[in-house]
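Peer 1: Below you'll find entry-v4.csv; it's CSV, C-alpha atoms.
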```csv
chain,number,residue,atom,x,y,z
A,1,MET,CA,0.0,0.0,0.0
A,2,SER,CA,1.4,3.4,-0.9
A,3,GLN,CA,1.5,5.9,1.9
A,4,TYR,CA,-0.3,9.3,1.7
A,5,GLU,CA,-0.9,12.1,4.1
A,6,PHE,CA,-4.5,13.3,4.8
A,7,THR,CA,-6.6,15.5,6.9
A,8,ILE,CA,-10.4,15.8,7.4
A,9,SER,CA,-12.6,18.7,8.3
A,10,LEU,CA,-16.3,19.1,8.7
A,11,GLN,CA,-17.9,22.1,6.9
A,12,LEU,CA,-21.5,23.3,7.3
A,13,ARG,CA,-23.4,26.0,5.5
A,14,HIS,CA,-26.9,27.1,6.4
A,15,PRO,CA,-29.2,30.0,5.4
A,16,ASP,CA,-29.3,31.5,8.9
A,17,ILE,CA,-28.4,29.2,11.8
A,18,ASP,CA,-26.4,30.4,14.8
A,19,PRO,CA,-23.0,28.6,14.6
A,20,ALA,CA,-23.1,28.1,18.4
A,21,ARG,CA,-26.1,25.7,17.8
A,22,ILE,CA,-23.9,23.6,15.4
A,23,THR,CA,-21.0,23.5,17.9
A,24,HIS,CA,-23.4,22.4,20.7
A,25,ALA,CA,-25.1,19.7,18.5
A,26,ILE,CA,-21.9,18.4,16.8
A,27,GLY,CA,-19.6,18.5,19.8
A,28,ILE,CA,-16.5,19.6,17.9
A,29,GLU,CA,-14.9,23.0,18.4
A,30,PRO,CA,-14.9,25.1,15.2
A,31,GLN,CA,-11.9,26.8,13.7
A,32,HIS,CA,-14.0,29.2,11.6
A,33,THR,CA,-17.6,30.4,12.0
A,34,TRP,CA,-19.8,33.3,11.0
A,35,LYS,CA,-23.5,33.9,11.1
A,36,ALA,CA,-25.7,35.2,8.2
A,37,GLY,CA,-26.0,38.9,8.5
A,38,ASP,CA,-22.8,39.4,10.4
A,39,PRO,CA,-20.3,42.0,9.0
A,40,ARG,CA,-17.7,40.3,6.8
A,41,ARG,CA,-14.1,40.0,8.1
A,42,GLY,CA,-10.9,39.3,6.2
A,43,THR,CA,-8.3,36.6,7.0
A,44,SER,CA,-6.5,39.1,9.3
A,45,ASP,CA,-9.8,40.0,11.0
A,46,GLU,CA,-10.0,43.3,9.1
A,47,PRO,CA,-13.5,44.5,8.3
A,48,LEU,CA,-14.7,44.0,4.7
A,49,GLU,CA,-17.6,45.5,2.9
A,50,GLY,CA,-21.0,43.8,3.2
A,51,VAL,CA,-22.4,41.0,5.4
A,52,TYR,CA,-22.3,37.3,5.2
A,53,ARG,CA,-25.2,35.9,3.1
A,54,GLU,CA,-25.2,32.5,5.0
A,55,SER,CA,-24.0,31.0,8.2
A,56,TYR,CA,-20.8,28.9,8.0
A,57,TRP,CA,-19.1,26.5,10.5
A,58,MET,CA,-15.8,24.6,10.0
A,59,GLY,CA,-14.2,22.2,12.5
A,60,ARG,CA,-11.2,20.0,12.0
A,61,VAL,CA,-11.6,16.3,12.6
A,62,MET,CA,-7.8,16.0,12.8
A,63,GLU,CA,-5.5,18.7,14.1
A,64,GLU,CA,-2.9,18.2,11.4
A,65,PRO,CA,-2.3,15.9,8.4
A,66,GLN,CA,-1.6,12.3,9.4
A,67,LEU,CA,0.5,9.8,7.5
A,68,SER,CA,-1.5,6.7,6.5
A,69,ALA,CA,-0.6,3.4,8.0
A,70,GLU,CA,-2.0,-0.1,8.4
A,71,ARG,CA,-4.3,1.1,11.2
A,72,LEU,CA,-4.8,4.8,10.1
A,73,SER,CA,-6.4,5.6,6.8
A,74,VAL,CA,-9.0,7.9,5.4
A,75,GLU,CA,-11.5,5.1,5.7
A,76,SER,CA,-10.8,4.4,9.4
A,77,MET,CA,-10.9,8.2,10.3
A,78,LEU,CA,-14.1,8.6,8.3
A,79,MET,CA,-15.7,5.7,10.3
A,80,GLN,CA,-14.6,7.2,13.6
A,81,THR,CA,-16.0,10.6,12.5
A,82,LEU,CA,-19.3,9.1,11.4
A,83,ALA,CA,-19.6,7.2,14.7
A,84,HIS,CA,-19.1,10.5,16.5
A,85,LEU,CA,-21.7,12.3,14.3
A,86,ARG,CA,-24.3,9.6,14.7
A,87,ARG,CA,-25.2,11.3,18.1
A,88,ALA,CA,-26.1,14.4,16.0
A,89,GLN,CA,-28.1,12.5,13.4
A,90,SER,CA,-31.5,14.2,14.1
A,91,PHE,CA,-29.8,17.6,14.2
A,92,LEU,CA,-28.1,16.9,10.9
A,93,GLN,CA,-31.4,15.7,9.3
A,94,ARG,CA,-33.2,18.9,10.5
A,95,PHE,CA,-30.2,21.0,9.4
A,96,ARG,CA,-30.5,19.6,5.8
A,97,LEU,CA,-34.3,20.0,5.7
A,98,ASP,CA,-33.9,23.7,6.7
A,99,GLY,CA,-31.6,24.3,3.7
A,100,GLY,CA,-28.2,23.4,5.2
A,101,ILE,CA,-25.3,21.6,3.5
A,102,ALA,CA,-22.9,19.5,5.5
A,103,GLU,CA,-19.7,18.2,4.0
A,104,LEU,CA,-16.7,16.2,5.1
A,105,HIS,CA,-13.7,17.7,3.3
A,106,VAL,CA,-10.8,15.3,2.8
A,107,SER,CA,-7.4,16.6,1.7
A,108,LEU,CA,-5.0,14.0,0.4
A,109,PHE,CA,-1.3,14.5,-0.2
A,110,THR,CA,0.5,11.9,-2.2
A,111,ARG,CA,3.5,11.2,-4.3
A,112,ASP,CA,2.4,7.8,-5.6
A,113,GLN,CA,-0.7,6.3,-6.9
A,114,PHE,CA,-2.9,4.8,-4.2
A,115,ASN,CA,-6.3,3.2,-3.8
A,116,LEU,CA,-9.0,4.8,-1.6
A,117,GLU,CA,-11.9,2.4,-0.8
A,118,LEU,CA,-15.0,3.5,1.0
A,119,SER,CA,-17.0,0.7,2.5
A,120,PRO,CA,-20.7,0.2,2.0
A,121,ASP,CA,-21.1,1.0,5.8
A,122,SER,CA,-19.4,4.3,5.5
A,123,LEU,CA,-21.3,5.3,2.4
A,124,SER,CA,-24.6,4.2,4.0
A,125,TRP,CA,-23.9,6.4,7.1
A,126,LEU,CA,-22.8,9.3,5.0
A,127,GLY,CA,-26.2,9.1,3.3
A,128,ARG,CA,-28.2,8.7,6.6
A,129,LEU,CA,-26.4,11.7,8.1
A,130,GLY,CA,-26.9,13.7,4.9
A,131,LEU,CA,-23.1,14.3,4.5
A,132,ALA,CA,-21.4,15.0,1.2
A,133,VAL,CA,-17.7,14.2,0.8
A,134,ALA,CA,-15.3,16.5,-1.0
A,135,LEU,CA,-11.9,15.0,-2.0
A,136,GLU,CA,-9.1,17.5,-2.6
A,137,ILE,CA,-6.1,15.6,-4.0
A,138,HIS,CA,-2.6,17.2,-3.9
A,139,PRO,CA,0.2,15.7,-5.9
A,140,HIS,CA,2.7,15.9,-3.1
A,141,SER,CA,3.0,16.2,0.7
A,142,PRO,CA,3.1,19.6,2.3
A,143,HIS,CA,5.6,18.3,4.8
A,144,VAL,CA,8.2,16.9,2.4
A,145,ALA,CA,10.5,19.5,0.8
A,146,SER,CA,10.7,19.3,-3.0
A,147,ALA,CA,14.1,18.5,-4.5
A,148,ALA,CA,15.7,21.6,-6.0
A,149,PRO,CA,16.5,21.3,-9.8
A,150,ASN,CA,20.2,20.9,-10.6
```
Could I get this file's structure written as structure tokens?
Peer 2:
Amino acid sequence: MSQYEFTISLQLRHPDIDPARITHAIGIEPQHTWKAGDPRRGTSDEPLEGVYRESYWMGRVMEEPQLSAERLSVESMLMQTLAHLRRAQSFLQRFRLDGGIAELHVSLFTRDQFNLELSPDSLSWLGRLGLAVALEIHPHSPHVASAAPN
């Protein structure tokens, strides 16, 4: 099996929910949030023109990218995350019915070809929880320095 690095985050968008409700229901501390109607802020917290049109919440499932191993893979972390989110199943179902979108964002960093398999159980739970999966694939690891050309 080829090794790869990966990280997973949970991202939710909603027409107008208070992000604090998401944090309470999900049980994960967010890294970024804003509420629909709040004044927009830049990456350095400087004020921007306008207000946010929708509420946004993003929480990391993993603090930093992890190297895959026999016991650690996207699939295993996905299953752990889904097990955690099952407690919030009714919240996520209402969230979706109210116009919200919930997505697990998976970033993969690899130098070699690899195989990513999602089990029927994980796909079933993704569907029951109303979660989309976005895969972002990078051709190299952010932690391995590139060789300089000669």
Peer 1: Which residue, A:Gln31, A:Ser2, A:Ser44, A:Ser124, has the smallest gap to A:Arg86 when you use only C-alpha atoms?
Peer 2: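 Smallest distance to A:Arg86 is found for A:Ser124.
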Peer 1: What lies within 12 Å of A:Glu136 using all atoms listed in the file, ignoring chain neighbours under 3 positions off, as a list in words?
Peer 2: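 Contacts, in chain order: Glu5, Phe6, Thr7, Ile8, Ser9, Leu104, His105, Val106, Ser107, Leu108, Phe109, Thr110, Val133, Pro139 and His140 of chain A.
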Peer 1: Go through A:Leu12, A:Met62, A:Ala20, A:Leu123 and flag the residue nearest A:Gly100, using only C-alpha atoms for the distances.
Peer 2: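 Of all the options, A:Leu12 lies closest to A:Gly100.
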Peer 1: So, counting all atoms listed in the file, which residue among A:Val61, A:Leu48, A:Leu82, A:Leu97 is closest to A:Leu131?
Peer 2: A:Leu82
Peer 1: Atom CA of A:Gly99 and atom CA of A:Asp121 are how many Å apart?
Peer 2: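 Result for atom CA of A:Gly99 versus atom CA of A:Asp121: 25.6 Å, one decimal.
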Peer 1: Using only C-alpha atoms, pick whichever of A:Leu135, A:Leu126, A:Ala36, A:Leu78 has the shortest atom-to-atom distance to A:Pro15.
Peer 2: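 Closest candidate: A:Ala36.
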Peer 1: Separation of atom CA of A:Asp18 and atom CA of A:Leu92, in Å?
Peer 2: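 Separation between atom CA of A:Asp18 and atom CA of A:Leu92: 14.2 Å.
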Peer 1: For the atom pair atom CA of A:Ser76 and atom CA of A:Ala134, what is the interatomic distance in Å to one decimal place?
Peer 2: 16.6 Å
Peer 1: Return the single residue from A:Trp125, A:Phe114, A:Trp57, A:Trp34 that is closest to A:Leu10, with distances computed using only C-alpha atoms.
Peer 2: A:Trp57
Peer 1: In terms of the shortest atom-to-atom distance over all atoms listed in the file, which of A:Ile28, A:Leu116, A:Ala88, A:Val51 is closest to A:Ser68?
Peer 2: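 Closest candidate: A:Leu116.
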Peer 1: Using only C-alpha atoms, which protein or nucleic acid residues come within 12 Å of A:Ile17? Drop anything in the same chain fewer than 6 positions from it, and give the result as number ranges by chain.
Peer 2: A: 23, 33-38, 53-57, 91, 94-96, 98-101
Peer 1: Take stretch 37-48 of chain A, model all heavy atoms, and hand the result over as a compact mmCIF listing (two decimals), keeping the file's coordinate frame.
Peer 2:
```txt
# COMPACT_ATOMS: atom_id res chain seq x y z
N GLY A 37 -25.71 37.58 8.06
CA GLY A 37 -26.00 38.90 8.50
C GLY A 37 -24.91 39.61 9.28
O GLY A 37 -24.93 40.83 9.46
N ASP A 38 -23.91 38.84 9.75
CA ASP A 38 -22.80 39.40 10.40
C ASP A 38 -21.91 40.20 9.44
O ASP A 38 -21.80 39.79 8.28
CB ASP A 38 -21.89 38.37 11.11
CG ASP A 38 -22.50 37.80 12.38
OD1 ASP A 38 -23.51 38.35 12.86
OD2 ASP A 38 -21.96 36.79 12.88
N PRO A 39 -21.24 41.28 9.88
CA PRO A 39 -20.30 42.00 9.00
C PRO A 39 -19.18 41.05 8.56
O PRO A 39 -18.67 40.28 9.37
CB PRO A 39 -19.77 43.13 9.85
CG PRO A 39 -20.74 43.26 10.98
CD PRO A 39 -21.35 41.91 11.20
N ARG A 40 -18.80 41.13 7.29
CA ARG A 40 -17.70 40.30 6.80
C ARG A 40 -16.38 40.72 7.33
O ARG A 40 -16.15 41.89 7.59
CB ARG A 40 -17.69 40.38 5.23
CG ARG A 40 -18.91 39.72 4.59
CD ARG A 40 -18.88 39.77 3.07
NE ARG A 40 -17.67 39.15 2.57
CZ ARG A 40 -16.85 39.73 1.69
NH1 ARG A 40 -17.09 40.93 1.22
NH2 ARG A 40 -15.76 39.11 1.28
N ARG A 41 -15.49 39.73 7.54
CA ARG A 41 -14.10 40.00 8.10
C ARG A 41 -13.13 39.27 7.15
O ARG A 41 -13.40 38.20 6.62
CB ARG A 41 -13.98 39.39 9.48
CG ARG A 41 -15.05 39.75 10.49
CD ARG A 41 -15.08 41.17 10.90
NE ARG A 41 -13.88 41.59 11.59
CZ ARG A 41 -13.71 42.82 12.04
NH1 ARG A 41 -14.64 43.73 11.86
NH2 ARG A 41 -12.61 43.15 12.66
N GLY A 42 -11.94 39.87 7.00
CA GLY A 42 -10.90 39.30 6.20
C GLY A 42 -10.09 38.26 7.01
O GLY A 42 -10.34 38.03 8.19
N THR A 43 -9.08 37.65 6.38
CA THR A 43 -8.30 36.60 7.00
C THR A 43 -7.49 37.15 8.21
O THR A 43 -7.15 36.41 9.12
CB THR A 43 -7.31 35.94 6.04
OG1 THR A 43 -6.52 36.96 5.42
CG2 THR A 43 -8.07 35.15 4.98
N SER A 44 -7.19 38.44 8.21
CA SER A 44 -6.50 39.10 9.30
C SER A 44 -7.48 39.78 10.26
O SER A 44 -7.11 40.67 11.02
CB SER A 44 -5.45 40.05 8.84
OG SER A 44 -4.50 39.40 8.05
N ASP A 45 -8.75 39.41 10.17
CA ASP A 45 -9.80 40.00 11.00
C ASP A 45 -10.14 41.43 10.67
O ASP A 45 -10.78 42.12 11.45
CB ASP A 45 -9.59 39.76 12.47
CG ASP A 45 -10.88 39.79 13.27
OD1 ASP A 45 -11.92 39.33 12.73
OD2 ASP A 45 -10.87 40.28 14.41
N GLU A 46 -9.67 41.91 9.51
CA GLU A 46 -10.00 43.30 9.10
C GLU A 46 -11.41 43.33 8.56
O GLU A 46 -11.88 42.38 7.95
CB GLU A 46 -8.97 43.81 8.09
CG GLU A 46 -9.11 43.23 6.69
CD GLU A 46 -8.41 41.88 6.48
OE1 GLU A 46 -7.96 41.26 7.46
OE2 GLU A 46 -8.36 41.43 5.33
N PRO A 47 -12.13 44.44 8.79
CA PRO A 47 -13.50 44.50 8.30
C PRO A 47 -13.50 44.61 6.76
O PRO A 47 -12.64 45.24 6.15
CB PRO A 47 -14.01 45.86 8.89
CG PRO A 47 -12.88 46.50 9.59
CD PRO A 47 -11.71 45.60 9.57
N LEU A 48 -14.46 43.94 6.18
CA LEU A 48 -14.70 44.00 4.70
C LEU A 48 -16.06 44.54 4.46
O LEU A 48 -16.91 44.61 5.35
CB LEU A 48 -14.58 42.55 4.13
CG LEU A 48 -13.25 41.82 4.29
CD1 LEU A 48 -13.37 40.40 3.77
CD2 LEU A 48 -12.13 42.56 3.56
```
